[in-house]
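Text of input_0.csv, listed as CSV, C-alpha atoms:
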chain,number,residue,atom,x,y,z
F,1,MET,CA,33.6,11.9,-15.3
F,2,THR,CA,31.5,10.3,-12.6
F,3,ASP,CA,32.9,9.3,-9.2
F,4,SER,CA,32.6,5.5,-10.1
F,5,LYS,CA,34.6,6.0,-13.3
F,6,ALA,CA,37.2,8.0,-11.4
F,7,LEU,CA,37.5,5.3,-8.7
F,8,ALA,CA,37.8,2.6,-11.3
F,9,ARG,CA,40.6,4.5,-13.1
F,10,THR,CA,42.4,5.0,-9.8
F,11,ASP,CA,42.1,1.3,-8.9
F,12,ASN,CA,43.5,0.3,-12.3
F,13,GLU,CA,46.5,2.7,-11.9
F,14,THR,CA,47.2,1.4,-8.4
F,15,ALA,CA,46.9,-2.3,-9.7
F,16,VAL,CA,49.5,-1.5,-12.3
F,17,VAL,CA,51.9,0.0,-9.8
F,18,LEU,CA,51.4,-2.9,-7.4
F,19,GLU,CA,52.0,-5.4,-10.1
F,20,GLY,CA,55.3,-3.7,-10.9
F,21,ILE,CA,56.3,-3.8,-7.2
F,22,THR,CA,55.5,-7.5,-7.1
F,23,ARG,CA,57.7,-8.3,-10.1
F,24,ALA,CA,60.5,-6.3,-8.5
F,25,ALA,CA,60.1,-8.2,-5.2
F,26,LEU,CA,60.6,-11.5,-7.1
F,27,ASP,CA,63.7,-10.3,-8.9
F,28,PRO,CA,66.8,-11.7,-7.1
F,29,ALA,CA,68.8,-8.8,-8.5
F,30,VAL,CA,66.9,-6.2,-6.4
F,31,ASP,CA,68.9,-5.4,-3.3
F,32,VAL,CA,67.3,-5.6,0.2
F,33,ALA,CA,67.2,-1.9,0.9
F,34,LYS,CA,65.4,-1.2,-2.4
F,35,LEU,CA,63.0,-4.0,-1.8
F,36,GLU,CA,62.1,-2.6,1.6
F,37,ARG,CA,61.4,0.8,0.1
F,38,LEU,CA,59.2,-0.9,-2.6
F,39,LEU,CA,57.3,-2.8,0.0
F,40,ASP,CA,56.7,0.4,2.0
F,41,ILE,CA,55.3,2.0,-1.2
F,42,GLN,CA,53.1,-1.0,-1.7
F,43,GLU,CA,51.7,-0.8,1.8
F,44,ARG,CA,51.0,2.9,1.4
F,45,LEU,CA,49.3,2.3,-2.0
F,46,LEU,CA,47.1,-0.5,-0.5
F,47,ALA,CA,46.2,1.7,2.5
F,48,ASP,CA,45.2,4.6,0.2
F,49,GLN,CA,43.2,2.2,-2.0
F,50,ARG,CA,41.3,0.8,1.1
F,51,ARG,CA,40.7,4.4,2.4
F,52,THR,CA,39.3,5.4,-1.0
F,53,THR,CA,37.0,2.4,-1.1
F,54,PHE,CA,35.8,3.1,2.5
F,55,ARG,CA,34.9,6.7,1.7
F,56,ALA,CA,33.1,5.8,-1.5
F,57,ALA,CA,31.0,3.1,0.3
F,58,LEU,CA,30.3,5.6,3.2
F,59,ALA,CA,29.1,8.2,0.8
F,60,ARG,CA,26.7,5.7,-0.8
F,61,LEU,CA,25.5,4.6,2.6
F,62,GLN,CA,24.9,8.1,3.8
F,63,GLU,CA,22.9,8.9,0.7
F,64,ARG,CA,20.4,6.1,1.7
F,65,LEU,CA,20.2,6.7,5.4
F,66,PRO,CA,16.8,8.1,6.5
F,67,GLN,CA,16.2,10.4,9.4
F,68,ILE,CA,15.7,8.5,12.6
F,69,THR,CA,12.4,9.3,14.5
F,70,LYS,CA,12.9,10.1,18.2
F,71,GLN,CA,10.9,7.4,20.1
F,72,GLY,CA,12.7,7.6,23.5
F,73,THR,CA,11.8,10.1,26.3
F,74,ILE,CA,14.1,11.5,29.0
F,75,LEU,CA,12.2,12.3,32.2
F,76,ASP,CA,13.0,15.0,34.8
F,77,GLY,CA,13.2,14.4,38.5
F,78,ALA,CA,9.4,14.8,38.8
F,79,GLY,CA,8.7,12.2,36.1
F,80,ARG,CA,7.8,14.7,33.4
F,81,ALA,CA,9.0,14.4,29.8
F,82,ARG,CA,12.1,16.6,29.4
F,83,ASN,CA,13.1,15.8,25.9
F,84,LYS,CA,13.1,13.0,23.3
F,85,PHE,CA,15.9,11.0,21.7
F,86,ALA,CA,16.4,8.3,19.1
F,87,LYS,CA,16.8,4.9,20.9
F,88,LEU,CA,19.7,2.7,20.1
F,89,GLU,CA,17.5,-0.2,19.0
F,90,ASP,CA,15.6,2.1,16.6
F,91,ILE,CA,18.9,3.3,15.1
F,92,ASP,CA,20.1,-0.3,14.8
F,93,ALA,CA,17.0,-1.5,13.1
F,94,VAL,CA,17.4,1.2,10.4
F,95,ILE,CA,21.2,1.1,9.8
F,96,ARG,CA,22.0,-2.6,10.2
F,97,PRO,CA,20.8,-3.9,6.8
F,98,LEU,CA,22.3,-0.9,5.0
F,99,LEU,CA,25.7,-1.4,6.8
F,100,ALA,CA,25.7,-5.0,5.8
F,101,GLU,CA,25.1,-4.2,2.1
F,102,GLU,CA,28.1,-1.9,2.0
F,103,GLY,CA,30.3,-4.1,4.1
F,104,PHE,CA,30.5,-2.0,7.3
F,105,SER,CA,30.5,-3.1,10.9
F,106,PHE,CA,31.1,-1.4,14.3
F,107,SER,CA,33.2,-2.3,17.3
F,108,PHE,CA,33.1,-0.6,20.7
F,109,ASP,CA,35.4,-0.3,23.7
F,110,SER,CA,35.7,1.8,26.8
F,111,LYS,CA,38.3,2.6,29.5
F,112,THR,CA,38.4,4.6,32.7
F,113,ALA,CA,39.6,8.2,32.1
F,114,PRO,CA,40.7,10.9,34.6
F,115,ASN,CA,38.3,12.8,36.8
F,116,GLY,CA,35.8,10.0,37.0
F,117,MET,CA,35.1,10.0,33.3
F,118,ILE,CA,34.8,7.0,31.0
F,119,GLU,CA,36.4,7.1,27.5
F,120,PHE,CA,34.3,5.4,24.9
F,121,THR,CA,35.6,4.5,21.4
F,122,CYS,CA,33.7,3.3,18.3
F,123,THR,CA,35.5,2.0,15.3
F,124,LEU,CA,33.7,1.7,11.9
F,125,HIS,CA,35.3,-1.2,9.9
F,126,HIS,CA,35.0,-1.8,6.2
F,127,ARG,CA,35.3,-5.3,4.6
F,128,ASP,CA,38.2,-4.1,2.5
F,129,GLY,CA,40.3,-3.4,5.6
F,130,HIS,CA,40.1,0.3,6.3
F,131,ALA,CA,38.7,1.5,9.6
F,132,GLU,CA,38.2,4.8,11.4
F,133,THR,CA,37.7,5.4,15.1
F,134,LYS,CA,36.0,8.2,17.0
F,135,THR,CA,36.2,8.8,20.8
F,136,ILE,CA,34.1,10.5,23.4
F,137,ALA,CA,34.7,11.0,27.2
F,138,LEU,CA,31.6,11.1,29.4
F,139,PRO,CA,30.8,11.2,33.1
F,140,VAL,CA,28.9,8.4,34.7
F,141,ASP,CA,25.2,9.2,34.4
F,142,ASN,CA,24.2,9.1,38.1
F,143,GLY,CA,20.5,9.9,37.5
F,144,ALA,CA,17.8,9.5,40.1
F,145,GLY,CA,16.8,5.9,40.9
F,146,ARG,CA,19.9,4.3,39.1
F,147,ASN,CA,22.3,2.0,40.8
F,148,ALA,CA,26.0,2.0,39.9
F,149,VAL,CA,25.6,-0.6,37.1
F,150,GLN,CA,22.6,1.2,35.6
F,151,SER,CA,24.5,4.5,35.7
F,152,VAL,CA,27.4,3.0,33.6
F,153,GLY,CA,24.9,1.4,31.3
F,154,SER,CA,23.1,4.7,30.7
F,155,SER,CA,26.4,6.4,29.8
F,156,THR,CA,27.4,3.5,27.6
F,157,SER,CA,24.1,3.6,25.7
F,158,TYR,CA,24.4,7.4,25.2
F,159,ALA,CA,28.0,7.0,24.0
F,160,ARG,CA,27.1,4.4,21.5
F,161,ARG,CA,24.2,6.4,20.0
F,162,TYR,CA,26.4,9.5,19.9
F,163,LEU,CA,29.4,7.8,18.3
F,164,ILE,CA,27.3,6.0,15.7
F,165,SER,CA,25.6,9.2,14.8
F,166,MET,CA,29.0,10.9,14.4
F,167,HIS,CA,30.4,8.2,12.1
F,168,LEU,CA,27.3,8.1,9.9
F,169,ASN,CA,26.2,11.8,10.2
F,170,LEU,CA,22.7,10.6,11.3
F,171,VAL,CA,19.9,13.1,11.7
F,172,THR,CA,17.1,12.6,14.2
F,173,ARG,CA,13.7,14.2,14.2
F,174,ASP,CA,10.5,14.3,16.3
F,175,GLU,CA,7.6,12.3,14.9
F,176,ASP,CA,5.7,15.3,13.6
F,177,ASP,CA,8.4,17.8,12.8
F,178,ASP,CA,8.1,17.8,9.0
F,179,GLY,CA,6.5,21.2,9.2
F,180,ALA,CA,3.7,20.4,6.8
F,181,GLY,CA,1.1,19.5,9.3
F,182,GLY,CA,-1.1,16.4,8.9
F,183,GLY,CA,0.6,14.3,11.6
F,184,HIS,CA,0.1,10.6,10.8
F,185,GLU,CA,-2.6,11.2,8.1
F,186,PRO,CA,-1.7,9.2,5.0
F,187,ILE,CA,-1.2,10.9,1.6
F,188,THR,CA,-3.9,10.7,-1.0
F,189,SER,CA,-4.0,8.3,-3.9
F,190,ALA,CA,-3.2,11.3,-6.2
F,191,GLN,CA,-0.1,12.1,-4.1
F,192,VAL,CA,1.0,8.4,-4.2
F,193,ALA,CA,0.7,8.5,-8.0
F,194,GLU,CA,2.7,11.8,-8.1
F,195,LEU,CA,5.5,10.3,-5.9
F,196,ARG,CA,5.7,7.2,-8.1
F,197,ARG,CA,5.8,9.3,-11.2
F,198,LEU,CA,8.6,11.5,-9.9
F,199,LEU,CA,10.6,8.5,-8.6
F,200,ASP,CA,10.3,6.9,-12.1
F,201,GLU,CA,11.6,10.2,-13.8
F,202,ALA,CA,14.5,10.4,-11.3
F,203,GLY,CA,15.4,6.7,-11.8
F,204,GLY,CA,14.8,6.2,-8.1
F,205,ASP,CA,14.3,2.9,-6.3
F,206,PRO,CA,11.0,2.9,-4.5
F,207,ALA,CA,12.2,0.3,-1.9
F,208,ARG,CA,15.2,2.5,-1.0
F,209,PHE,CA,13.0,5.6,-1.0
F,210,CYS,CA,10.6,3.9,1.5
F,211,ARG,CA,13.5,2.8,3.7
F,212,TRP,CA,14.7,6.4,3.8
F,213,LEU,CA,11.3,7.6,5.0
F,214,GLY,CA,10.8,4.6,7.4
F,215,VAL,CA,7.7,3.2,5.7
F,216,GLU,CA,6.9,-0.1,4.0
F,217,ARG,CA,5.2,1.2,0.9
F,218,VAL,CA,4.8,4.5,-0.9
F,219,GLU,CA,1.1,4.3,0.1
F,220,ASP,CA,2.2,4.5,3.7
F,221,VAL,CA,3.9,7.9,3.4
F,222,ARG,CA,2.3,10.4,5.8
F,223,LEU,CA,1.0,13.8,4.8
F,224,ALA,CA,3.6,15.4,7.1
F,225,GLN,CA,6.4,13.7,5.1
F,226,TYR,CA,5.1,14.6,1.7
F,227,GLY,CA,6.8,17.9,1.2
F,228,ARG,CA,10.2,16.6,2.3
F,229,ALA,CA,9.7,13.5,0.1
F,230,ILE,CA,9.1,15.7,-3.0
F,231,LYS,CA,12.2,17.8,-2.3
F,232,PHE,CA,14.3,14.6,-1.8
F,233,ILE,CA,13.2,13.2,-5.2
F,234,GLU,CA,13.7,16.5,-7.0
F,235,GLU,CA,17.3,16.8,-5.6
F,236,LYS,CA,18.0,13.2,-6.7
F,237,LYS,CA,16.7,14.1,-10.2
F,238,ARG,CA,18.9,17.2,-10.3
F,239,GLN,CA,22.0,15.2,-9.2
F,240,ARG,CA,21.3,12.5,-11.8
F,241,GLY,CA,21.0,15.1,-14.5
F,242,GLY,CA,24.3,16.8,-13.4
F,243,ALA,CA,26.1,13.4,-13.5
F,244,LYS,CA,25.4,12.9,-17.2
Please, can you express the file's structure as structure tokens?
Amino acid sequence: MTDSKALARTDNETAVVLEGITRAALDPAVDVAKLERLLDIQERLLADQRRTTFRAALARLQERLPQITKQGTILDGAGRARNKFAKLEDIDAVIRPLLAEEGFSFSFDSKTAPNGMIEFTCTLHHRDGHAETKTIALPVDNGAGRNAVQSVGSSTSYARRYLISMHLNLVTRDEDDDGAGGGHEPITSAQVAELRRLLDEAGGDPARFCRWLGVERVEDVRLAQYGRAIKFIEEKKRQRGGAK
């Protein structure tokens, strides 16, 4: 039985129980104590149902999320590049439309913590009502050349990137870390045809596939991405075969 069928069966069973509780609540013969217990059961069932829906939507979302290319650079005191990171605006550009499709949204908050730390919280909400929160405590990023406001802003930006990545299990990568060489060189027409053929066999959606790779069209796939793209499609084909 596929996950979608199992979820549908669970939803139907829950609906039957909730309908029974509603009928009991309308029955004047049901005493108050019993009614309170039934309402408690109803609330737990609804919470479980919302949690199940949340996790199913999150699983679908994570399946479609691409790796995020690191476009930001952290400099050392001498102005030399120390390491790279995925910028918040790049993360947002990738995940926002996918979040909207599955009914997710984020909210953020912060408060002062002991020892000069700031506690940041990030809550992932789902349209059906369930939400989950993650928290991180960070020092103020008093880097060279920053004033007090910029230092707090730097810590806040880092916290938001980190917490979003925790919620969605995002993976970041350098521009040319696919391991196959080739850098930004596009794939050949034969390789384009091969990707399209494999996508068709796997029942894949070319638009979703391109979003996962961060390109507009299959023709825009880079040579450095080709090996990873083939592995991705083959894994999807294997999963599809196992679900039958």
Contacts of segment 161-176 of chain F within 10 Å, all atoms listed in the file, excl. fewer than 5 positions in-chain, as a VMD selection string | chain F and resid 58 to 59 61 to 62 65 to 71 84 to 89 91 to 92 95 106 108 120 to 124 132 to 136 156 181 to 184 222 224 to 225
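Pairwise distance (atom CA of Gly72 of chain F, atom CA of Glu185 of chain F) equals 22.0 Å.
Put simply, atom CA of His126 of chain F is 8.5 Å away from atom CA of Arg50 of chain F.
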From F:Thr52, F:Asp40, F:Leu138, F:Ala100, residue lying nearest Ser157 of chain F [only C-alpha atoms] = F:Leu138
So, counting all atoms listed in the file, which residue among F:Ala190, F:Val94, F:Leu195, F:Ile118 is closest to Arg211 of chain F?
-> F:Val94
Leaving out Ala193 of chain F and any residue of its chain fewer than 6 positions from it, which residues lie within 10 Å of it when counting all atoms listed in the file, given as JSON, numbers by chain?
-> {"F": [199, 218, 219]}
